[in-house]
file final.txt (compact mmCIF, N, CA and C atoms)
# COMPACT_ATOMS: atom_id res chain seq x y z
N GLU Z 1 0.82 -1.20 0.00
CA GLU Z 1 0.00 0.00 0.00
C GLU Z 1 0.86 1.26 0.00
N ASN Z 2 2.13 1.11 0.10
CA ASN Z 2 3.04 2.26 0.07
C ASN Z 2 2.78 3.27 1.17
N GLY Z 3 2.24 2.82 2.28
CA GLY Z 3 2.15 3.70 3.43
C GLY Z 3 0.82 4.36 3.71
N GLY Z 4 -0.24 4.03 3.01
CA GLY Z 4 -1.49 4.65 3.37
C GLY Z 4 -2.68 4.23 2.54
N PHE Z 5 -3.82 4.11 3.20
CA PHE Z 5 -5.09 3.87 2.54
C PHE Z 5 -6.18 4.26 3.51
N GLU Z 6 -7.36 4.53 2.99
CA GLU Z 6 -8.47 4.95 3.83
C GLU Z 6 -9.43 3.79 4.07
N LEU Z 7 -9.89 3.70 5.32
CA LEU Z 7 -10.98 2.78 5.67
C LEU Z 7 -12.10 3.62 6.25
N THR Z 8 -13.28 3.50 5.70
CA THR Z 8 -14.43 4.18 6.27
C THR Z 8 -15.04 3.28 7.33
N SER Z 9 -15.96 3.81 8.09
CA SER Z 9 -16.58 3.07 9.18
C SER Z 9 -17.14 1.74 8.69
N GLY Z 10 -16.77 0.64 9.36
CA GLY Z 10 -17.26 -0.69 9.02
C GLY Z 10 -16.44 -1.42 7.98
N GLN Z 11 -15.50 -0.75 7.33
CA GLN Z 11 -14.66 -1.40 6.33
C GLN Z 11 -13.52 -2.18 6.98
N SER Z 12 -12.99 -3.15 6.25
CA SER Z 12 -11.80 -3.88 6.68
C SER Z 12 -10.89 -4.04 5.46
N LYS Z 13 -9.66 -4.43 5.71
CA LYS Z 13 -8.70 -4.57 4.62
C LYS Z 13 -7.72 -5.68 4.96
N GLU Z 14 -7.48 -6.54 3.99
CA GLU Z 14 -6.46 -7.59 4.14
C GLU Z 14 -5.16 -7.05 3.56
N ILE Z 15 -4.10 -7.16 4.33
CA ILE Z 15 -2.79 -6.69 3.87
C ILE Z 15 -1.91 -7.90 3.64
N ARG Z 16 -1.43 -8.03 2.44
CA ARG Z 16 -0.54 -9.14 2.09
C ARG Z 16 0.89 -8.62 1.97
N VAL Z 17 1.82 -9.41 2.47
CA VAL Z 17 3.23 -9.04 2.39
C VAL Z 17 3.99 -10.15 1.67
N PRO Z 18 5.13 -9.84 1.06
CA PRO Z 18 5.92 -10.86 0.37
C PRO Z 18 6.41 -11.94 1.35
N ASP Z 19 6.69 -13.13 0.84
CA ASP Z 19 7.17 -14.22 1.69
C ASP Z 19 8.45 -13.87 2.42
N ASN Z 20 9.27 -13.01 1.86
CA ASN Z 20 10.54 -12.66 2.50
C ASN Z 20 10.44 -11.42 3.40
N TRP Z 21 9.23 -10.92 3.64
CA TRP Z 21 9.03 -9.76 4.50
C TRP Z 21 9.33 -10.16 5.93
N GLU Z 22 10.15 -9.42 6.63
CA GLU Z 22 10.58 -9.80 7.97
C GLU Z 22 9.86 -9.07 9.09
N SER Z 23 9.72 -7.76 8.98
CA SER Z 23 9.09 -7.03 10.07
C SER Z 23 8.57 -5.69 9.57
N GLY Z 24 7.67 -5.13 10.36
CA GLY Z 24 7.13 -3.83 10.01
C GLY Z 24 6.17 -3.32 11.06
N ARG Z 25 5.69 -2.11 10.84
CA ARG Z 25 4.78 -1.45 11.77
C ARG Z 25 3.60 -0.88 10.99
N ILE Z 26 2.45 -0.90 11.62
CA ILE Z 26 1.29 -0.22 11.07
C ILE Z 26 0.63 0.56 12.20
N TRP Z 27 -0.05 1.63 11.87
CA TRP Z 27 -0.76 2.41 12.88
C TRP Z 27 -1.94 3.11 12.23
N PRO Z 28 -2.98 3.34 13.02
CA PRO Z 28 -4.14 4.06 12.50
C PRO Z 28 -3.92 5.57 12.58
N ARG Z 29 -4.58 6.26 11.69
CA ARG Z 29 -4.62 7.72 11.74
C ARG Z 29 -6.08 8.11 11.90
N THR Z 30 -6.33 9.16 12.63
CA THR Z 30 -7.71 9.59 12.86
C THR Z 30 -7.85 11.08 12.53
N GLY Z 31 -9.08 11.46 12.25
CA GLY Z 31 -9.38 12.86 11.99
C GLY Z 31 -8.65 13.42 10.78
N CYS Z 32 -8.55 12.63 9.72
CA CYS Z 32 -7.78 13.05 8.54
C CYS Z 32 -8.62 13.92 7.61
N LYS Z 33 -7.95 14.91 7.03
CA LYS Z 33 -8.61 15.83 6.10
C LYS Z 33 -7.63 16.24 5.01
N ASP Z 34 -8.18 16.56 3.87
CA ASP Z 34 -7.40 17.18 2.81
C ASP Z 34 -7.53 18.68 2.99
N ILE Z 35 -6.43 19.31 3.31
CA ILE Z 35 -6.42 20.76 3.51
C ILE Z 35 -5.51 21.37 2.46
N ASP Z 36 -6.12 21.99 1.47
CA ASP Z 36 -5.36 22.61 0.37
C ASP Z 36 -4.37 21.65 -0.26
N GLY Z 37 -4.82 20.40 -0.51
CA GLY Z 37 -3.97 19.40 -1.16
C GLY Z 37 -2.99 18.71 -0.23
N ARG Z 38 -3.11 18.97 1.07
CA ARG Z 38 -2.24 18.33 2.06
C ARG Z 38 -3.08 17.36 2.89
N PHE Z 39 -2.61 16.12 3.04
CA PHE Z 39 -3.32 15.11 3.82
C PHE Z 39 -2.84 15.21 5.26
N ILE Z 40 -3.66 15.79 6.13
CA ILE Z 40 -3.29 16.07 7.52
C ILE Z 40 -4.25 15.32 8.44
N CYS Z 41 -3.70 14.67 9.49
CA CYS Z 41 -4.51 13.91 10.44
C CYS Z 41 -4.34 14.46 11.85
N ALA Z 42 -5.37 14.30 12.67
CA ALA Z 42 -5.30 14.73 14.07
C ALA Z 42 -4.35 13.84 14.86
N THR Z 43 -4.31 12.52 14.56
CA THR Z 43 -3.39 11.61 15.24
C THR Z 43 -2.75 10.68 14.22
N GLY Z 44 -1.51 10.28 14.49
CA GLY Z 44 -0.81 9.33 13.64
C GLY Z 44 -0.43 9.87 12.27
N SER Z 45 -0.44 11.18 12.13
CA SER Z 45 -0.23 11.79 10.82
C SER Z 45 1.17 11.55 10.28
N CYS Z 46 1.27 11.43 8.97
CA CYS Z 46 2.55 11.44 8.26
C CYS Z 46 2.68 12.75 7.52
N GLY Z 47 1.72 13.63 7.71
CA GLY Z 47 1.68 14.87 6.95
C GLY Z 47 2.82 15.80 7.30
N ALA Z 48 3.87 15.73 6.52
CA ALA Z 48 5.03 16.58 6.72
C ALA Z 48 5.64 16.92 5.37
N ALA Z 49 6.44 17.95 5.36
CA ALA Z 49 7.09 18.36 4.11
C ALA Z 49 7.91 17.23 3.51
N ALA Z 50 8.51 16.37 4.35
CA ALA Z 50 9.36 15.27 3.86
C ALA Z 50 8.59 14.28 3.00
N ASP Z 51 7.29 14.14 3.22
CA ASP Z 51 6.50 13.23 2.38
C ASP Z 51 5.53 14.00 1.49
N ASN Z 52 5.80 15.28 1.31
CA ASN Z 52 4.97 16.14 0.46
C ASN Z 52 3.54 16.22 0.97
N PHE Z 53 3.37 16.07 2.29
CA PHE Z 53 2.06 16.14 2.93
C PHE Z 53 1.06 15.17 2.33
N GLY Z 54 1.52 14.00 1.92
CA GLY Z 54 0.65 13.02 1.29
C GLY Z 54 0.14 11.96 2.24
N MET Z 55 -0.64 11.03 1.70
CA MET Z 55 -1.16 9.92 2.48
C MET Z 55 -0.07 8.90 2.77
N GLU Z 56 0.87 8.73 1.86
CA GLU Z 56 1.95 7.76 2.03
C GLU Z 56 3.04 8.34 2.93
N CYS Z 57 3.49 7.54 3.89
CA CYS Z 57 4.49 8.02 4.85
C CYS Z 57 5.91 7.99 4.30
N LYS Z 58 6.15 7.20 3.29
CA LYS Z 58 7.45 7.13 2.63
C LYS Z 58 8.59 6.84 3.60
N GLY Z 59 8.30 6.00 4.61
CA GLY Z 59 9.34 5.54 5.52
C GLY Z 59 9.77 6.51 6.60
N ILE Z 60 9.10 7.66 6.72
CA ILE Z 60 9.56 8.63 7.72
C ILE Z 60 8.87 8.46 9.07
N GLY Z 61 7.93 7.54 9.19
CA GLY Z 61 7.27 7.34 10.47
C GLY Z 61 6.05 8.20 10.63
N ARG Z 62 5.64 8.39 11.88
CA ARG Z 62 4.39 9.08 12.15
C ARG Z 62 4.58 10.03 13.30
N GLU Z 63 3.62 10.94 13.42
CA GLU Z 63 3.61 11.87 14.53
C GLU Z 63 2.83 11.27 15.69
N ARG Z 64 3.18 11.65 16.89
CA ARG Z 64 2.50 11.18 18.10
C ARG Z 64 1.18 11.93 18.26
N PRO Z 65 0.20 11.36 18.92
CA PRO Z 65 0.15 10.00 19.45
C PRO Z 65 -0.29 9.01 18.38
N ALA Z 66 0.12 7.77 18.57
CA ALA Z 66 -0.28 6.70 17.65
C ALA Z 66 -0.10 5.34 18.31
N THR Z 67 -1.13 4.52 18.29
CA THR Z 67 -1.04 3.13 18.72
C THR Z 67 -0.40 2.35 17.58
N ILE Z 68 0.67 1.61 17.87
CA ILE Z 68 1.43 0.94 16.82
C ILE Z 68 1.32 -0.57 16.97
N ALA Z 69 1.06 -1.25 15.85
CA ALA Z 69 1.13 -2.71 15.79
C ALA Z 69 2.44 -3.06 15.09
N GLU Z 70 3.28 -3.85 15.77
CA GLU Z 70 4.59 -4.24 15.24
C GLU Z 70 4.58 -5.73 14.97
N PHE Z 71 5.06 -6.13 13.80
CA PHE Z 71 5.05 -7.53 13.39
C PHE Z 71 6.45 -7.99 13.04
N THR Z 72 6.80 -9.20 13.48
CA THR Z 72 8.00 -9.90 13.03
C THR Z 72 7.54 -11.26 12.54
N LEU Z 73 7.82 -11.56 11.29
CA LEU Z 73 7.36 -12.81 10.68
C LEU Z 73 8.54 -13.71 10.37
N SER Z 74 8.38 -14.97 10.73
CA SER Z 74 9.38 -15.99 10.43
C SER Z 74 10.77 -15.57 10.89
N ASP Z 75 10.92 -15.42 12.23
CA ASP Z 75 12.24 -15.07 12.77
C ASP Z 75 13.22 -16.22 12.55
N HIS Z 76 14.41 -16.14 13.14
CA HIS Z 76 15.44 -17.15 12.90
C HIS Z 76 14.98 -18.56 13.26
N ALA Z 77 13.99 -18.68 14.15
CA ALA Z 77 13.47 -20.00 14.53
C ALA Z 77 12.16 -20.32 13.80
N GLY Z 78 11.74 -19.45 12.88
CA GLY Z 78 10.52 -19.69 12.12
C GLY Z 78 9.25 -19.23 12.81
N ASN Z 79 9.38 -18.45 13.89
CA ASN Z 79 8.22 -18.00 14.66
C ASN Z 79 7.74 -16.63 14.18
N ASP Z 80 6.46 -16.38 14.39
CA ASP Z 80 5.86 -15.08 14.11
C ASP Z 80 5.51 -14.41 15.43
N PHE Z 81 5.71 -13.10 15.51
CA PHE Z 81 5.40 -12.35 16.71
C PHE Z 81 4.70 -11.05 16.34
N TYR Z 82 3.88 -10.55 17.26
CA TYR Z 82 3.33 -9.21 17.10
C TYR Z 82 3.18 -8.59 18.47
N ASP Z 83 3.14 -7.30 18.53
CA ASP Z 83 2.84 -6.60 19.77
C ASP Z 83 2.18 -5.28 19.44
N LEU Z 84 1.45 -4.77 20.40
CA LEU Z 84 0.84 -3.45 20.29
C LEU Z 84 1.58 -2.53 21.23
N SER Z 85 1.95 -1.37 20.76
CA SER Z 85 2.74 -0.44 21.55
C SER Z 85 2.01 0.88 21.70
N ASN Z 86 1.98 1.37 22.93
CA ASN Z 86 1.45 2.70 23.22
C ASN Z 86 2.56 3.61 23.74
N VAL Z 87 3.82 3.25 23.49
CA VAL Z 87 4.95 4.03 23.99
C VAL Z 87 4.93 5.46 23.45
N ASP Z 88 4.38 5.66 22.27
CA ASP Z 88 4.27 6.99 21.68
C ASP Z 88 2.88 7.58 21.86
N GLY Z 89 2.16 7.12 22.86
CA GLY Z 89 0.79 7.56 23.08
C GLY Z 89 -0.18 6.60 22.41
N HIS Z 90 -1.47 6.88 22.55
CA HIS Z 90 -2.47 6.00 21.92
C HIS Z 90 -3.53 6.86 21.23
N ASN Z 91 -4.08 6.28 20.15
CA ASN Z 91 -5.13 6.99 19.44
C ASN Z 91 -6.32 6.11 19.09
N ILE Z 92 -6.31 4.86 19.58
CA ILE Z 92 -7.49 4.01 19.42
C ILE Z 92 -7.74 3.26 20.71

call {"tool": "encode", "arguments": {"input": "final.txt", "output": "structure tokens"}}
result
Amino acid sequence: ENGGFELTSGQSKEIRVPDNWESGRIWPRTGCKDIDGRFICATGSCGAAADNFGMECKGIGRERPATIAEFTLSDHAGNDFYDLSNVDGHNI
């Protein structure tokens, strides 16, 4: 998804990753609006000059607060792990 997609109330989305994908993070954004061509959110925003104020975060991370889901798939022992982190605040 290259860092962003919209879900309206009641929607869900299946995210597929390549077999060799090792780890990553996802987080929700809330209160998002298009303001003069800039995608800005109240929480979890990636809206910054570094990503041209777009929906895609382009690897720069997110602004606080944001509840983060972190995934590690097929570690050295073949195990999968996930955790939810509120270390940067929470937004859901």

call {"tool": "select_by_dssp", "arguments": {"input": "final.txt", "residues": "chain Z", "states": "strand (DSSP E)", "output": "PyMOL selection string"}}
result
chain Z and resi 23-26+33-35+38-40+68-72+81-85

call {"tool": "residues_near_point", "arguments": {"input": "final.txt", "point": "(2.9, -2.5, 19.2)", "cutoff": "8 Å", "atoms": "only N, CA and C atoms", "output": "PDB file with N, CA and C atoms, in the coordinates of the input"}}
result
ATOM      1  N   ARG Z  25       5.690  -2.110  10.840  1.00  0.00           N
ATOM      2  CA  ARG Z  25       4.780  -1.450  11.770  1.00  0.00           C
ATOM      3  C   ARG Z  25       3.600  -0.880  10.990  1.00  0.00           C
ATOM      4  N   ILE Z  26       2.450  -0.900  11.620  1.00  0.00           N
ATOM      5  CA  ILE Z  26       1.290  -0.220  11.070  1.00  0.00           C
ATOM      6  C   ILE Z  26       0.630   0.560  12.200  1.00  0.00           C
ATOM      7  N   THR Z  67      -1.130   4.520  18.290  1.00  0.00           N
ATOM      8  CA  THR Z  67      -1.040   3.130  18.720  1.00  0.00           C
ATOM      9  C   THR Z  67      -0.400   2.350  17.580  1.00  0.00           C
ATOM     10  N   ILE Z  68       0.670   1.610  17.870  1.00  0.00           N
ATOM     11  CA  ILE Z  68       1.430   0.940  16.820  1.00  0.00           C
ATOM     12  C   ILE Z  68       1.320  -0.570  16.970  1.00  0.00           C
ATOM     13  N   ALA Z  69       1.060  -1.250  15.850  1.00  0.00           N
ATOM     14  CA  ALA Z  69       1.130  -2.710  15.790  1.00  0.00           C
ATOM     15  C   ALA Z  69       2.440  -3.060  15.090  1.00  0.00           C
ATOM     16  N   GLU Z  70       3.280  -3.850  15.770  1.00  0.00           N
ATOM     17  CA  GLU Z  70       4.590  -4.240  15.240  1.00  0.00           C
ATOM     18  C   GLU Z  70       4.580  -5.730  14.970  1.00  0.00           C
ATOM     19  N   PHE Z  71       5.060  -6.130  13.800  1.00  0.00           N
ATOM     20  CA  PHE Z  71       5.050  -7.530  13.390  1.00  0.00           C
ATOM     21  C   PHE Z  71       6.450  -7.990  13.040  1.00  0.00           C
ATOM     22  N   TYR Z  82       3.880 -10.550  17.260  1.00  0.00           N
ATOM     23  CA  TYR Z  82       3.330  -9.210  17.100  1.00  0.00           C
ATOM     24  C   TYR Z  82       3.180  -8.590  18.470  1.00  0.00           C
ATOM     25  N   ASP Z  83       3.140  -7.300  18.530  1.00  0.00           N
ATOM     26  CA  ASP Z  83       2.840  -6.600  19.770  1.00  0.00           C
ATOM     27  C   ASP Z  83       2.180  -5.280  19.440  1.00  0.00           C
ATOM     28  N   LEU Z  84       1.450  -4.770  20.400  1.00  0.00           N
ATOM     29  CA  LEU Z  84       0.840  -3.450  20.290  1.00  0.00           C
ATOM     30  C   LEU Z  84       1.580  -2.530  21.230  1.00  0.00           C
ATOM     31  N   SER Z  85       1.950  -1.370  20.760  1.00  0.00           N
ATOM     32  CA  SER Z  85       2.740  -0.440  21.550  1.00  0.00           C
ATOM     33  C   SER Z  85       2.010   0.880  21.700  1.00  0.00           C
ATOM     34  N   ASN Z  86       1.980   1.370  22.930  1.00  0.00           N
ATOM     35  CA  ASN Z  86       1.450   2.700  23.220  1.00  0.00           C
ATOM     36  C   ASN Z  86       2.560   3.610  23.740  1.00  0.00           C
ATOM     37  N   VAL Z  87       3.820   3.250  23.490  1.00  0.00           N
ATOM     38  CA  VAL Z  87       4.950   4.030  23.990  1.00  0.00           C
ATOM     39  C   VAL Z  87       4.930   5.460  23.450  1.00  0.00           C
TER      40      VAL Z  87
END

call {"tool": "atom_distance", "arguments": {"input": "final.txt", "atom1": "atom C of Z:Trp21", "atom2": "atom CA of Z:Gly44"}}
result
23.3 Å

call {"tool": "atom_distance", "arguments": {"input": "final.txt", "atom1": "atom N of Z:Glu14", "atom2": "atom N of Z:Asp36"}}
result
28.7 Å

call {"tool": "atom_distance", "arguments": {"input": "final.txt", "atom1": "atom CA of Z:Ile92", "atom2": "atom CA of Z:Asp19"}}
result
29.4 Å

call {"tool": "closest_residue", "arguments": {"input": "final.txt", "among": "Z:Ala66, Z:Glu6, Z:Gly24, Z:Arg16", "to": "Z:Ala42", "atoms": "only C-alpha atoms"}}
result
Z:Ala66

call {"tool": "residues_around", "arguments": {"input": "final.txt", "residues": "Z:Pro65", "least_positions_apart": "2", "cutoff": "6 Å", "atoms": "only N, CA and C atoms", "output": "list of chain:residue names"}}
result
Z:Thr43, Z:Gly44, Z:Glu63, Z:Thr67, Z:Asp88, Z:Gly89, Z:His90, Z:Asn91

call {"tool": "residues_around", "arguments": {"input": "final.txt", "residues": "Z:Phe39", "least_positions_apart": "3", "cutoff": "7 Å", "atoms": "only C-alpha atoms", "output": "short mmCIF file (atom, residue, chain, number, x, y, z; two decimals) with N, CA and C atoms, in the frame of the given file"}}
result
data_model
loop_
_atom_site.label_atom_id
_atom_site.label_comp_id
_atom_site.auth_asym_id
_atom_site.auth_seq_id
_atom_site.Cartn_x
_atom_site.Cartn_y
_atom_site.Cartn_z
N CYS Z 32 -8.55 12.63 9.72
CA CYS Z 32 -7.78 13.05 8.54
C CYS Z 32 -8.62 13.92 7.61
N LYS Z 33 -7.95 14.91 7.03
CA LYS Z 33 -8.61 15.83 6.10
C LYS Z 33 -7.63 16.24 5.01
N ASP Z 34 -8.18 16.56 3.87
CA ASP Z 34 -7.40 17.18 2.81
C ASP Z 34 -7.53 18.68 2.99
N ILE Z 35 -6.43 19.31 3.31
CA ILE Z 35 -6.42 20.76 3.51
C ILE Z 35 -5.51 21.37 2.46
N GLY Z 47 1.72 13.63 7.71
CA GLY Z 47 1.68 14.87 6.95
C GLY Z 47 2.82 15.80 7.30
N PHE Z 53 3.37 16.07 2.29
CA PHE Z 53 2.06 16.14 2.93
C PHE Z 53 1.06 15.17 2.33
N GLY Z 54 1.52 14.00 1.92
CA GLY Z 54 0.65 13.02 1.29
C GLY Z 54 0.14 11.96 2.24
N MET Z 55 -0.64 11.03 1.70
CA MET Z 55 -1.16 9.92 2.48
C MET Z 55 -0.07 8.90 2.77
#
